[in-house]
Structures are given as structure tokens and as C-alpha cells.
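start.txt follows; it contains compact mmCIF, C-alpha atoms.
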```txt
# COMPACT_ATOMS: atom_id res chain seq x y z
CA MET E 1 78.49 78.72 65.45
CA THR E 2 77.56 76.72 68.48
CA THR E 3 80.56 76.21 70.67
CA THR E 4 80.31 74.20 73.81
CA ASP E 5 82.42 72.80 76.51
CA MET E 6 81.91 69.15 77.27
CA THR E 7 84.35 69.04 80.11
CA THR E 8 82.35 71.16 82.51
CA ALA E 9 79.30 70.09 84.43
CA GLY E 10 77.03 73.05 83.65
CA ARG E 11 73.97 70.84 83.37
CA ASP E 12 71.63 72.70 85.68
CA GLY E 13 69.11 73.34 82.86
CA ALA E 14 69.12 77.10 83.46
CA VAL E 15 68.64 79.76 80.82
CA ARG E 16 71.82 81.82 81.11
CA ASN E 17 73.05 84.58 78.75
CA GLY E 18 69.91 83.90 76.72
CA VAL E 19 71.14 80.34 76.18
CA ASP E 20 68.75 77.55 77.14
CA THR E 21 71.35 75.17 78.54
CA ALA E 22 68.84 72.30 78.73
CA THR E 23 68.31 72.58 74.95
CA LEU E 24 72.05 73.02 74.40
CA PHE E 25 72.93 69.80 76.23
CA ALA E 26 69.96 67.94 74.73
CA THR E 27 71.29 68.90 71.28
CA LEU E 28 74.73 67.61 72.21
CA ASP E 29 73.28 64.34 73.49
CA ALA E 30 71.17 63.93 70.35
CA VAL E 31 74.22 64.40 68.09
CA LYS E 32 76.22 61.96 70.22
CA GLN E 33 73.54 59.33 69.52
CA ALA E 34 73.24 60.23 65.82
CA PRO E 35 76.44 61.91 64.59
CA GLU E 36 75.11 62.24 61.03
CA ALA E 37 72.53 64.78 62.29
CA ALA E 38 75.45 67.24 62.53
CA ARG E 39 76.06 67.26 58.77
CA PHE E 40 74.94 70.67 57.53
CA GLN E 41 75.13 72.41 54.20
CA PHE E 42 74.75 76.19 54.20
CA ARG E 43 74.01 78.13 51.00
CA ALA E 44 74.10 81.63 49.59
CA HIS E 45 72.50 82.66 46.29
CA ASN E 46 74.03 85.73 44.68
CA GLU E 47 72.89 87.91 41.79
CA TRP E 48 74.97 90.61 40.13
CA VAL E 49 73.31 94.05 40.10
CA SER E 50 75.79 96.43 38.42
CA GLY E 51 79.52 97.05 38.66
CA THR E 52 80.81 95.90 42.03
CA HIS E 53 77.26 95.86 43.46
CA ASN E 54 75.62 92.48 43.95
CA ARG E 55 73.02 90.87 46.18
CA THR E 56 72.91 87.62 48.17
CA THR E 57 69.82 85.76 49.35
CA ILE E 58 70.14 83.33 52.26
CA ALA E 59 67.16 81.12 53.02
CA ASP E 60 67.60 77.37 52.54
CA TYR E 61 70.01 74.96 54.18
CA PHE E 62 70.33 71.29 55.00
CA GLY E 63 70.74 69.98 58.52
CA VAL E 64 69.63 67.31 60.98
CA GLY E 65 68.80 65.04 58.06
CA GLU E 66 66.50 67.29 56.04
CA GLU E 67 66.09 70.40 53.91
CA ARG E 68 65.27 73.43 56.04
CA THR E 69 64.56 77.13 55.62
CA HIS E 70 65.32 80.04 57.90
CA GLU E 71 62.30 81.70 59.51
CA HIS E 72 62.96 84.70 57.26
CA THR E 73 64.63 85.11 53.88
CA PHE E 74 67.71 87.26 54.43
CA VAL E 75 69.03 89.58 51.70
CA PHE E 76 72.41 91.32 51.82
CA ASP E 77 74.08 93.55 49.29
CA ALA E 78 77.79 94.05 48.83
CA ASP E 79 79.62 96.80 46.97
CA HIS E 80 82.84 98.82 46.92
CA PRO E 81 83.21 102.41 48.10
CA ALA E 82 83.87 105.08 45.49
CA VAL E 83 87.57 105.03 46.28
CA LEU E 84 87.50 101.42 45.07
CA VAL E 85 85.46 102.17 41.96
CA GLY E 86 82.06 101.29 43.44
CA GLN E 87 78.92 103.08 44.63
CA ASP E 88 79.17 102.24 48.37
CA HIS E 89 75.68 100.71 48.46
CA ALA E 90 76.90 98.17 51.02
CA PRO E 91 80.07 96.96 52.76
CA THR E 92 82.81 95.27 50.79
CA PRO E 93 82.98 91.47 50.70
CA VAL E 94 86.05 91.46 52.96
CA GLU E 95 84.19 93.43 55.64
CA PHE E 96 81.54 90.69 55.76
CA VAL E 97 84.35 88.26 56.59
CA LEU E 98 85.17 90.37 59.67
CA HIS E 99 81.49 90.41 60.66
CA ALA E 100 81.38 86.61 60.34
CA LEU E 101 84.43 86.19 62.56
CA ALA E 102 83.16 88.53 65.28
CA ALA E 103 79.73 86.90 65.21
CA CYS E 104 81.08 83.36 65.40
CA LEU E 105 83.43 84.02 68.30
CA THR E 106 80.74 85.96 70.19
CA ALA E 107 78.05 83.29 69.77
CA GLY E 108 80.50 80.69 71.02
CA LEU E 109 81.42 82.86 73.98
CA ALA E 110 77.80 83.13 75.11
CA ASN E 111 77.26 79.36 74.82
CA ILE E 112 80.46 78.43 76.61
CA ALA E 113 79.88 80.95 79.37
CA ALA E 114 76.37 79.55 79.87
CA SER E 115 77.69 75.99 80.09
CA ARG E 116 80.31 77.14 82.61
CA ARG E 117 77.67 78.94 84.73
CA VAL E 118 79.11 82.37 83.97
CA LYS E 119 76.64 85.20 83.49
CA LEU E 120 77.89 87.71 80.92
CA THR E 121 76.92 91.37 81.15
CA GLU E 122 78.76 92.75 78.12
CA VAL E 123 80.63 91.43 75.11
CA ARG E 124 81.99 93.83 72.52
CA SER E 125 84.61 93.33 69.88
CA THR E 126 86.37 95.17 67.12
CA VAL E 127 87.82 93.13 64.31
CA THR E 128 90.34 94.72 61.94
CA GLY E 129 91.76 93.32 58.74
CA ASP E 130 94.84 94.75 57.04
CA ILE E 131 94.98 94.35 53.30
CA ASP E 132 97.34 95.69 50.65
CA LEU E 133 95.32 96.11 47.48
CA ASN E 134 98.46 95.90 45.35
CA GLY E 135 97.64 92.18 45.52
CA ILE E 136 94.19 92.16 43.94
CA LEU E 137 95.10 95.03 41.65
CA GLY E 138 97.78 92.75 40.19
CA LEU E 139 100.48 95.37 40.75
CA ASN E 140 102.80 93.37 43.01
CA PRO E 141 103.16 89.58 42.73
CA ASP E 142 104.65 89.42 46.24
CA VAL E 143 101.47 90.77 47.85
CA ARG E 144 98.67 88.32 48.60
CA ASN E 145 95.08 89.02 47.54
CA GLY E 146 93.53 88.62 50.97
CA TYR E 147 94.12 89.99 54.44
CA GLU E 148 97.72 90.04 55.60
CA ARG E 149 96.50 89.85 59.18
CA VAL E 150 93.29 90.04 61.20
CA SER E 151 93.07 91.25 64.81
CA VAL E 152 90.21 90.81 67.25
CA ARG E 153 89.93 92.91 70.41
CA PHE E 154 87.29 91.73 72.87
CA THR E 155 85.85 93.49 75.88
CA VAL E 156 84.15 90.87 78.05
CA LYS E 157 82.38 91.48 81.34
CA GLY E 158 80.56 89.05 83.58
CA ASP E 159 80.32 87.50 87.04
CA ALA E 160 83.62 85.61 86.84
CA PRO E 161 87.28 86.50 87.40
CA ALA E 162 89.26 87.88 84.45
CA GLU E 163 91.14 84.61 84.09
CA LYS E 164 87.94 82.62 83.69
CA LEU E 165 86.57 85.09 81.16
CA ARG E 166 89.80 84.75 79.16
CA GLU E 167 89.51 80.96 79.25
CA ILE E 168 86.01 81.23 77.83
CA VAL E 169 87.28 83.38 74.92
CA ALA E 170 90.11 80.89 74.35
CA GLN E 171 87.64 78.00 74.21
CA SER E 172 85.44 79.92 71.77
CA GLN E 173 88.50 80.46 69.56
CA ALA E 174 89.35 76.75 69.80
CA ARG E 175 85.87 75.77 68.58
CA SER E 176 85.01 78.57 66.14
CA ALA E 177 84.01 77.59 62.62
CA VAL E 178 84.86 80.97 61.08
CA TYR E 179 88.20 81.22 62.93
CA ASP E 180 89.11 77.84 61.42
CA ILE E 181 87.96 78.90 57.93
CA ILE E 182 90.11 82.04 58.04
CA THR E 183 93.21 80.62 59.72
CA ASN E 184 93.30 77.31 57.85
CA ARG E 185 92.74 76.20 54.28
CA VAL E 186 89.29 75.31 52.98
CA PRO E 187 89.10 73.68 49.54
CA VAL E 188 86.91 75.73 47.16
CA THR E 189 85.73 74.54 43.75
CA ILE E 190 84.29 76.89 41.13
CA GLU E 191 82.10 75.71 38.24
CA VAL E 192 80.84 77.91 35.42
CA GLU E 193 77.71 77.52 33.31
CA THR E 194 77.58 79.91 30.36
CA ALA E 195 74.30 79.16 28.62
CA MET C 1 87.15 93.37 45.80
CA THR C 2 88.42 95.12 42.74
CA THR C 3 89.92 92.67 40.34
CA THR C 4 91.50 93.84 37.15
CA ASP C 5 93.45 92.60 34.27
CA MET C 6 96.52 94.59 33.40
CA THR C 7 97.41 92.54 30.38
CA THR C 8 94.51 93.58 28.21
CA ALA C 9 94.05 96.88 26.48
CA GLY C 10 90.51 97.71 27.58
CA ARG C 11 91.36 101.37 27.95
CA ASP C 12 88.56 102.88 25.89
CA GLY C 13 87.17 104.80 28.88
CA ALA C 14 83.70 103.35 28.43
CA VAL C 15 81.23 102.60 31.23
CA ARG C 16 80.60 98.88 30.82
CA ASN C 17 78.75 96.54 33.21
CA GLY C 18 78.24 99.58 35.41
CA VAL C 19 82.03 99.87 35.71
CA ASP C 20 83.55 103.21 34.79
CA THR C 21 86.67 101.84 33.13
CA ALA C 22 88.29 105.30 32.98
CA THR C 23 88.07 105.50 36.80
CA LEU C 24 89.19 101.88 37.11
CA PHE C 25 92.36 102.45 35.10
CA ALA C 26 92.98 105.85 36.69
CA THR C 27 92.88 104.10 40.09
CA LEU C 28 95.35 101.52 38.88
CA ASP C 29 97.68 104.21 37.55
CA ALA C 30 97.44 106.16 40.81
CA VAL C 31 98.36 103.10 42.88
CA LYS C 32 101.23 102.32 40.52
CA GLN C 33 102.60 105.78 41.28
CA ALA C 34 101.93 105.58 45.03
CA PRO C 35 101.76 101.91 46.12
CA GLU C 36 101.17 102.86 49.78
CA ALA C 37 97.74 104.23 48.79
CA ALA C 38 96.63 100.60 48.46
CA ARG C 39 97.11 99.86 52.17
CA PHE C 40 93.62 99.47 53.64
CA GLN C 41 92.32 98.46 57.03
CA PHE C 42 88.72 97.29 57.21
CA ARG C 43 86.87 97.04 60.52
CA ALA C 44 83.79 95.51 62.08
CA HIS C 45 82.40 96.42 65.52
CA ASN C 46 80.32 93.72 67.15
CA GLU C 47 78.05 93.77 70.20
CA TRP C 48 76.53 90.71 71.84
CA VAL C 49 72.71 90.85 72.12
CA SER C 50 71.63 87.55 73.74
CA GLY C 51 72.53 83.90 73.30
CA THR C 52 73.87 83.33 69.79
CA HIS C 53 72.41 86.64 68.60
CA ASN C 54 74.81 89.54 68.06
CA ARG C 55 75.11 92.65 65.92
CA THR C 56 77.92 94.14 63.82
CA THR C 57 78.31 97.76 62.77
CA ILE C 58 80.47 98.57 59.74
CA ALA C 59 81.26 102.22 59.08
CA ASP C 60 84.90 103.30 59.39
CA TYR C 61 87.94 102.12 57.50
CA PHE C 62 91.39 103.33 56.51
CA GLY C 63 92.51 103.65 52.90
CA VAL C 64 94.34 105.83 50.40
CA GLY C 65 96.29 107.36 53.28
CA GLU C 66 93.46 108.47 55.54
CA GLU C 67 90.59 107.51 57.83
CA ARG C 68 87.34 107.15 55.91
CA THR C 69 83.70 106.30 56.52
CA HIS C 70 81.20 104.55 54.30
CA GLU C 71 78.37 106.70 52.97
CA HIS C 72 76.04 104.81 55.30
CA THR C 73 76.55 102.97 58.57
CA PHE C 74 75.77 99.32 57.92
CA VAL C 75 74.35 97.07 60.65
CA PHE C 76 74.09 93.29 60.39
CA ASP C 77 72.87 90.75 62.91
CA ALA C 78 73.92 87.12 63.13
CA ASP C 79 72.26 84.27 64.98
CA HIS C 80 71.70 80.52 64.92
CA PRO C 81 68.48 78.79 63.86
CA ALA C 82 66.45 77.00 66.53
CA VAL C 83 67.93 73.65 65.49
CA LEU C 84 71.30 75.12 66.56
CA VAL C 85 69.97 76.54 69.83
CA GLY C 86 69.34 80.08 68.53
CA GLN C 87 66.38 82.29 67.63
CA ASP C 88 67.00 82.57 63.85
CA HIS C 89 67.01 86.37 63.93
CA ALA C 90 69.65 86.39 61.18
CA PRO C 91 71.90 84.04 59.19
CA THR C 92 74.67 82.13 60.90
CA PRO C 93 78.23 83.49 60.81
CA VAL C 94 79.32 80.79 58.35
CA GLU C 95 76.58 81.81 55.89
CA PHE C 96 78.04 85.34 55.83
CA VAL C 97 81.33 83.78 54.70
CA LEU C 98 79.52 82.32 51.67
CA HIS C 99 77.96 85.72 50.93
CA ALA C 100 81.42 87.31 51.10
CA LEU C 101 82.87 84.79 48.65
CA ALA C 102 80.04 85.12 46.13
CA ALA C 103 80.16 88.91 46.35
CA CYS C 104 83.94 89.12 45.93
CA LEU C 105 84.07 86.81 42.91
CA THR C 106 81.11 88.57 41.29
CA ALA C 107 82.51 92.09 41.78
CA GLY C 108 85.77 90.94 40.25
CA LEU C 109 83.98 89.35 37.34
CA ALA C 110 82.21 92.61 36.47
CA ASN C 111 85.46 94.60 36.63
CA ILE C 112 87.47 92.12 34.60
CA ALA C 113 84.74 91.76 31.97
CA ALA C 114 84.59 95.56 31.68
CA SER C 115 88.36 95.78 31.22
CA ARG C 116 88.20 93.03 28.56
CA ARG C 117 85.36 94.81 26.72
CA VAL C 118 82.84 92.10 27.50
CA LYS C 119 79.28 93.19 28.27
CA LEU C 120 77.67 90.93 30.84
CA THR C 121 73.92 90.35 30.83
CA GLU C 122 73.58 88.00 33.80
CA VAL C 123 75.74 86.70 36.63
CA ARG C 124 74.26 84.39 39.22
CA SER C 125 75.93 82.07 41.66
CA THR C 126 75.11 79.61 44.37
CA VAL C 127 77.75 78.97 47.00
CA THR C 128 77.44 75.95 49.25
CA GLY C 129 79.50 75.06 52.30
CA ASP C 130 79.52 71.58 53.85
CA ILE C 131 80.19 71.46 57.56
CA ASP C 132 80.08 68.66 60.09
CA LEU C 133 79.10 70.20 63.41
CA ASN C 134 80.69 67.33 65.31
CA GLY C 135 83.76 69.57 65.04
CA ILE C 136 82.50 72.67 66.83
CA LEU C 137 80.40 70.57 69.19
CA GLY C 138 83.64 68.98 70.37
CA LEU C 139 82.28 65.48 69.74
CA ASN C 140 84.88 64.26 67.25
CA PRO C 141 88.52 65.43 67.33
CA ASP C 142 89.01 64.27 63.72
CA VAL C 143 86.41 66.73 62.41
CA ARG C 144 87.49 70.32 61.73
CA ASN C 145 85.48 73.27 63.04
CA GLY C 146 85.01 75.01 59.71
CA TYR C 147 83.75 74.05 56.28
CA GLU C 148 85.06 70.77 54.89
CA ARG C 149 84.53 72.13 51.39
CA VAL C 150 82.95 75.07 49.60
CA SER C 151 81.52 74.95 46.08
CA VAL C 152 80.62 77.84 43.81
CA ARG C 153 78.39 77.41 40.77
CA PHE C 154 78.25 80.40 38.43
CA THR C 155 75.87 81.13 35.61
CA VAL C 156 77.46 83.83 33.45
CA LYS C 157 75.95 85.33 30.29
CA GLY C 158 77.33 88.08 28.08
CA ASP C 159 78.41 89.06 24.59
CA ALA C 160 81.46 86.79 24.48
CA PRO C 161 82.08 83.10 23.70
CA ALA C 162 81.78 80.62 26.57
CA GLU C 163 85.55 80.19 26.67
CA LYS C 164 86.13 83.90 27.19
CA LEU C 165 83.49 84.07 29.94
CA ARG C 166 85.22 81.16 31.69
CA GLU C 167 88.57 82.94 31.43
CA ILE C 168 87.03 85.99 33.12
CA VAL C 169 85.77 83.85 36.01
CA ALA C 170 89.20 82.22 36.29
CA GLN C 171 90.86 85.64 36.48
CA SER C 172 88.41 86.77 39.15
CA GLN C 173 89.27 83.65 41.18
CA ALA C 174 92.99 84.37 40.70
CA ARG C 175 92.58 87.90 42.11
CA SER C 176 89.83 87.45 44.73
CA ALA C 177 90.57 88.61 48.26
CA VAL C 178 87.92 86.41 49.88
CA TYR C 179 88.89 83.35 47.82
CA ASP C 180 92.44 83.81 49.12
CA ILE C 181 91.24 84.29 52.72
CA ILE C 182 89.22 81.06 52.60
CA THR C 183 91.63 78.86 50.66
CA ASN C 184 94.82 80.04 52.38
CA ARG C 185 95.86 80.84 55.93
CA VAL C 186 95.38 84.29 57.42
CA PRO C 187 97.02 84.97 60.79
CA VAL C 188 94.43 86.04 63.39
CA THR C 189 95.26 87.45 66.83
CA ILE C 190 92.73 87.72 69.65
CA GLU C 191 93.12 90.08 72.61
CA VAL C 192 90.79 90.22 75.61
CA GLU C 193 90.04 93.16 77.89
CA THR C 194 87.99 92.20 80.93
CA ALA C 195 87.50 95.41 82.85
```
Entire entry expressed as C-alpha cells:
Amino acid sequence: MTTTDMTTAGRDGAVRNGVDTATLFATLDAVKQAPEAARFQFRAHNEWVSGTHNRTTIADYFGVGEERTHEHTFVFDADHPAVLVGQDHAPTPVEFVLHALAACLTAGLANIAASRRVKLTEVRSTVTGDIDLNGILGLNPDVRNGYERVSVRFTVKGDAPAEKLREIVAQSQARSAVYDIITNRVPVTIEVETA
Amino acid sequence: MTTTDMTTAGRDGAVRNGVDTATLFATLDAVKQAPEAARFQFRAHNEWVSGTHNRTTIADYFGVGEERTHEHTFVFDADHPAVLVGQDHAPTPVEFVLHALAACLTAGLANIAASRRVKLTEVRSTVTGDIDLNGILGLNPDVRNGYERVSVRFTVKGDAPAEKLREIVAQSQARSAVYDIITNRVPVTIEVETA
């Protein structure tokens, strides 16, 4: 998600790293004037296909005071590999969590670098998640269901010293929505309609 | 992820809900004999494209004692919509988290129903996540970066009474990897290479 740095005077209006900093700061100023514009609701609509295979549609969301739709309707499957009793039609749900984390941190990095007048030339990352399936298989009550740990390894290159590039990654971490979701608790409610 | 129910005798070997229950229980028995087979590492490789747009490749993982690859290499983009200073090439990172949750709960539901000899005819869900972007925009220190709350609404139909269908959803929640990741803390480490 958008991650910015209010403490730095990067307001030269340039497009840097593909980020239109004039629009970025205009958005910040608009939300400062009308904080309720920042209330968003994102949504995913899922339909079971067969076995561990199911399909999610992402299109509508609420934000800046009104119902909105993405420019395209996005459809993603999920499945298990054969070794986990699936057909491997798509990645597992837990792999999509790793994608979300990498994507969130990387988007933030580009925005923050732009606001700090740093031109990036390369950003790559590998995210790994270690999981002991004795948890979800119900075979060991001492093993949690989810990841035991997640590791992110970034390679970042740009026209700034290593220390500054590291500070930009640290700021992205400090303002990442998905990092917060994974490292802290989010309340989840589940309702069931059966007819 | 795979979610099963060891307390019920669903061991008739039937294929139900697209789940080969013979394979499901054989997998459980194999892991009971060799618990270390259940140690998996999932991975996502991300590359920045421009601005908030980036791309993840999912292919390799470790499990059942060896390096493995999915049958296909899966590629997913992420981006922000224009209202969040992006180009809307793909969903936002936080929307992929909702996809992951819906997919994980639904895969578990199908497995558990199969093991309890319940034939499902329809499973649909809508997952919503409420987020106040004053957090990631750095405009209000009292607002968290991630979702304030996530809600899942399931519609489940099958050849069992409503109460039994609800119990199956509850068991899927109790054994869901992504539900655990979102509702509890996962430690995340971030390393940065700059040259």
C-alpha cells in the first residue's frame, strides 16, 4: 500500500520511480483536509470449484467516500499441490500471503524513495515462509496452523548510499499494511449462511 | 491449506467434493509416521516494475523432505488504483490477503466435509477488510497500518443439516493457516542487500 514519508521535503513535483510525486503529495494533502476519505473497504469474492481448488474475484471496493471498481475484474485461483492432496492448479493460499507481503513492501519502497528524491534502478525480493503442517493436519497441538516465521530478503539498487537505501526499506516496513497484518493481530469474524 | 478432522471416521476411501479421501488419510498416516515430512517452506520472488506496480513469481518450495516445483510457474502482479497513486494494473497487496483467507478456509471446508461424509453443492464467500489509510499515510499515529477488521460471510450448501455445515466451517477456521497468520502474530525478518 501507499507508504510515504512526511518528514522529508521531496516536493519537487517530479515523476520518479514511476511515482508522480505531485499526485502523491496532493493525495496526502487531500486526506489531511478530509481524513474520512482514507476509509477504505477492500473485498474478495470466492467460489469453491472442487477439492482444494477455488476461485476469487476482485473488482469492487469502497474508498474516498464512494463505491468504486477496479479498471479490470481480477480473477485468481488457489489450490494445493498433489503432495497436499490437490491438483496444483494454482498456488496455495499461504503463498499468496507471501506475494502480498513482497508487493506491499516494494510498493512502499518505490513511493518513499520517490519522496526522498532517490532514483531506484532495481528492487528484488524473495519472501520465504516456514510452516509445519503438523499444525493444520491436527497431529500436534503444540504446532501452530500458520507460518512459524517469514523472512524477506531484498536487493535494492539506486542512486543513493547503502545506508539511505536501508533507511527507505525500514520506513516501508514501518508503514506497510501487510507487514502489520502478518506481524500483529487482526480481528476476523466469520458468518455462515446455509440456505 | 489442508484441514482435516481426525476425530471422525470418514475412512470409506470415497472421492467426495473432489477430495480423494483415501489419499487424504494416507497423507495423514504418512505424516504421523514421519512428522518431519510436514515441514514446508513456501516462497515468493518479487520484482519491482514501476511505481506501485510489481510482479511476483511462485514456483519453488520445499516439502516432504525435498525441493519441489509447482506444475506451473505462477506470476501475479500487484498495484494500486489511481485513487491510491497507482495504475490499477492489478489488485492491491491487501486484497491478495483477503483472497488468501477465503481460499484457505474454503479448501479446508471441502476437505473436512469430505472426511465427515458431507457432499457440498455450493460454497461461496465474500471477505471484506476495513482499513483506514491514515495509518500508512503517516497522518494519524493512533491508526494502525493494516486492516482494522476482516469479515467473512460464507454461503454453504450440501447434504447435511445447517448445524453440521456450520460445524464444518468452524473446524476449517480452527485449522486454517491463513486465519492463524492474520489473527495471530507471525515473526517477520527483513534483510537488505544493496550491491
Please report the interatomic distance between atom CA of C:Leu133 and atom CA of E:Ala110 in Å with one decimal.
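About the pair atom CA of C:Leu133 and atom CA of E:Ala110: they are 17.5 Å apart.
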Rows by chain and residue number, stretch 156-195 of chain E within 12 Å of stretch 80-102 of chain C, shortest pair, only C-alpha atoms, as a tab-separated table:
```
residue	atom	partner	partner_atom	distance
E:Ser176	CA	C:Val94	CA	9.9
E:Ala177	CA	C:Val94	CA	7.1
E:Val178	CA	C:Val94	CA	6.2
E:Tyr179	CA	C:Val94	CA	10.0
E:Asp180	CA	C:Val94	CA	10.7
E:Ile181	CA	C:Val97	CA	8.8
E:Ile182	CA	C:Val97	CA	9.6
E:Val186	CA	C:Val97	CA	11.7
E:Val188	CA	C:Leu101	CA	10.0
E:Thr189	CA	C:Leu101	CA	11.7
E:Ile190	CA	C:Ala102	CA	10.5
```
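Here the question is which of C:Thr56, C:Thr128, C:Gln41, C:Asn111 gets nearest to C:Phe25 using all atoms listed in the file, and that residue is C:Asn111.
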Under the rule that all atoms listed in the file are counted, which of E:Ala34, E:Ala59, E:Ala174, E:Val49 is the nearest residue to C:Val19?
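The answer is E:Val49, which sits nearest to C:Val19.
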One decimal place gives the atom CA of C:Ala114-atom CA of C:Ile58 separation as 28.5 Å
For chain C, which of E:Arg144, E:Lys119, E:His45, E:His72 is the closest residue, counting only C-alpha atoms?
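Selected residue with least distance to chain C: E:His45.
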Separation of atom CA of E:Glu167 from atom CA of E:Ala26, in Å and rounded to one decimal
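Pair atom CA of E:Glu167 / atom CA of E:Ala26 returns 23.9 Å.
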